[in-house]
Structures are given as C-alpha cells and as structure tokens.
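Below you'll find the structure, written out as structure tokens, and then a few comments.
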Amino acid sequence: MKKRSPRLVFLAAPGAGKSTQARRVAESLRVPHIAMGDILREEVAAGTELGRRAAPHMDAGELVPDDIIVRMLAGRIGKGGFVLDGFPRDRAQAELLEERIDGVDGVIVLDVPEEEVVRRLSGRRECPQGHVYQLEDNPPAEPGRCDVDGEPLSQRDDDRPGVIKNRLRVYEEETRPLIEFYAARGVVEQVDGTGNADAVTERILDRLRAPGPPSIT
Ligand code: AMP
C-alpha cells in the first residue's frame, strides 16, 4: 500500500533558516511548500485589502491577526502532503490546523542560538524577485546586485534592529510554546540548524528517513 505524502511543519526563530530548509525539504519530498511569510508579502506587494491590513503588523514584527491569516491560507492546504513554513505561529493557529487536517506527521524544530539568528537577519538582503543573500555567509558576486537577475538588493523592513528584537520576542512568547504542544503528540524532530545550509538539509532528511515516528519513509 502506498504511504501518503508527509505533512510537515517547520518551527524556528526568524533567521534560523526555516524558509531555506523548508523549500529544500519540500522539493526533495515532492510536496508543496506553503510559506506564510511569502504569501503575506505577495498580498502586500499586490496591494490587496488583506495585504493592506497585514502590512502594519508585519512592519512592527508582530503577528498578523488570525482572521487575515486564515483567509489567505484558505484553499492552499489540500488533502495531500505539504511543508508548512511560518504557520502555525501560535496556539490558536495550531489548534485550527489540527481541526482542519487531523494532525501533522512531523514538526521540524531548527535550533540556532539567538546571537546567530540576529547576525543572520542583520546581514540578510534580497532582490525584488525574492532571491535571498547573506552578506557574510552567501554574498552576491557584485555588491548590492542580485546574481540571478541583476536587480538591486535591499533589506527587508522587518530585518532592521528594533523589529528583529520584536520578532524574536514574539517567537519566544507565542511560537516556541508550540514545541511542547507538538511534543505531546510525539511528532517533534529537533535538528541542529547551525553551520552550512547543505549540511542542515542533510540532517533534516536523515532524521525524516530514520525509523520510528515521525519518520515518513
Ligand atoms: P516570515 O517571513 O515567516 O519571517 O514572516 C514575516 C512576518 O509575517 C512575521 O513577522 C509576521 O508579521 C507575519 N507572519 C508570518 N506568518 C504568520 C502567521 N502564521 N501568523 C501571523 N503572522 C505571520
């Protein structure tokens, strides 16, 4: 009998490499990568009503209200597998997800020390198409220009120092407690998120291949 596609959640502080790793794991498992932050930024860029309501919360490094998040996610989580990146971010969202899909198969928690996430976020730059660089770890060939499309690089508004602090506080208060929530369901895989991105991806995939819950092979 064919096993169903995995349904995974990535949980980590901002700057821990969540989106990079979630994208790679989704590709490797051939399931959709659903990135809440990207969905929000697209809605803001398109100037939709929901995007206009979300923007001030994002700029302040706060969580966007659940009614907006739920409306943006509607129709994106189907019956098959997925890698969720940036959702759920608090207890209410985790409970909504449980109701909607009857449990996830694995929750990948990326562990990265706080001073390292601050360093990574402070040096993060991106082009308008969303290609992301890190000034120390992964700099563009020509300073300030995207290697892929030559577009100018800029800093995300919410990667500025005051907002970074707020995002980390929100993570500690609202999101980190979800590790316990999912640990009680036996689905948490804690992975060392430090070091080179390829090595982190291998660590995650190894963990998912290992026997016992929440293995998916
Ligand atoms: P990210 O790109 O995942 O760091 O998300 C950027 C910002 O989008 C966050 O700082 C929040 O303001 C908002 N955001 C992303 N995901 C959620 C969510 N699940 N619930 C509420 N706000 C969110």
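Naming scheme: A, B, ... for chains in displayed order of the structure tokens; residues 1 onward per chain; ligands 1 onward as shown.
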Next item on the list: Show me which residues sit within 10 Å of ligand 1 when counting only C-alpha atoms and all ligand atoms, and put them as number ranges by chain.
Entry: A: 11-19, 35-41, 54-70, 73, 84-90, 92-94, 121, 156, 158-159, 163-164, 166-168, 170-171, 174-175
Next item on the list: Among the residues of range 51-214 of chain A, find those DSSP assigns to strand (DSSP E) from the backbone and print them as JSON, numbers by chain.
Entry: {"A": [82, 83, 84, 85, 106, 107, 108, 109, 110, 111, 124, 125, 126, 132, 133, 134, 188, 189, 190, 191, 192]}
Next item on the list: Have a look at A:Gly47, A:Asp198, A:Arg209, A:His131 and name the one nearest to Arg24 in chain A; count only C-alpha atoms.
Entry: A:Asp198
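Closest approach to Gly195 in chain A among A:Asp137, A:Glu126, A:Glu115, A:Glu99: A:Asp137, based on only C-alpha atoms.
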Notebook entry, point to check: Quick one: of A:Ala45, A:Ala199, A:Ala141, A:Val107, who's nearest to Gln129 in chain A, counting only C-alpha atoms?
Noted result: A:Ala45
Notebook entry, point to check: DSSP on the backbone: what in range 66-208 of chain A comes out alpha helix (DSSP H), as an MDAnalysis selection string?
Noted result: chainID A and resid 66:73 91:101 114:122 161:170 178:183 197:208
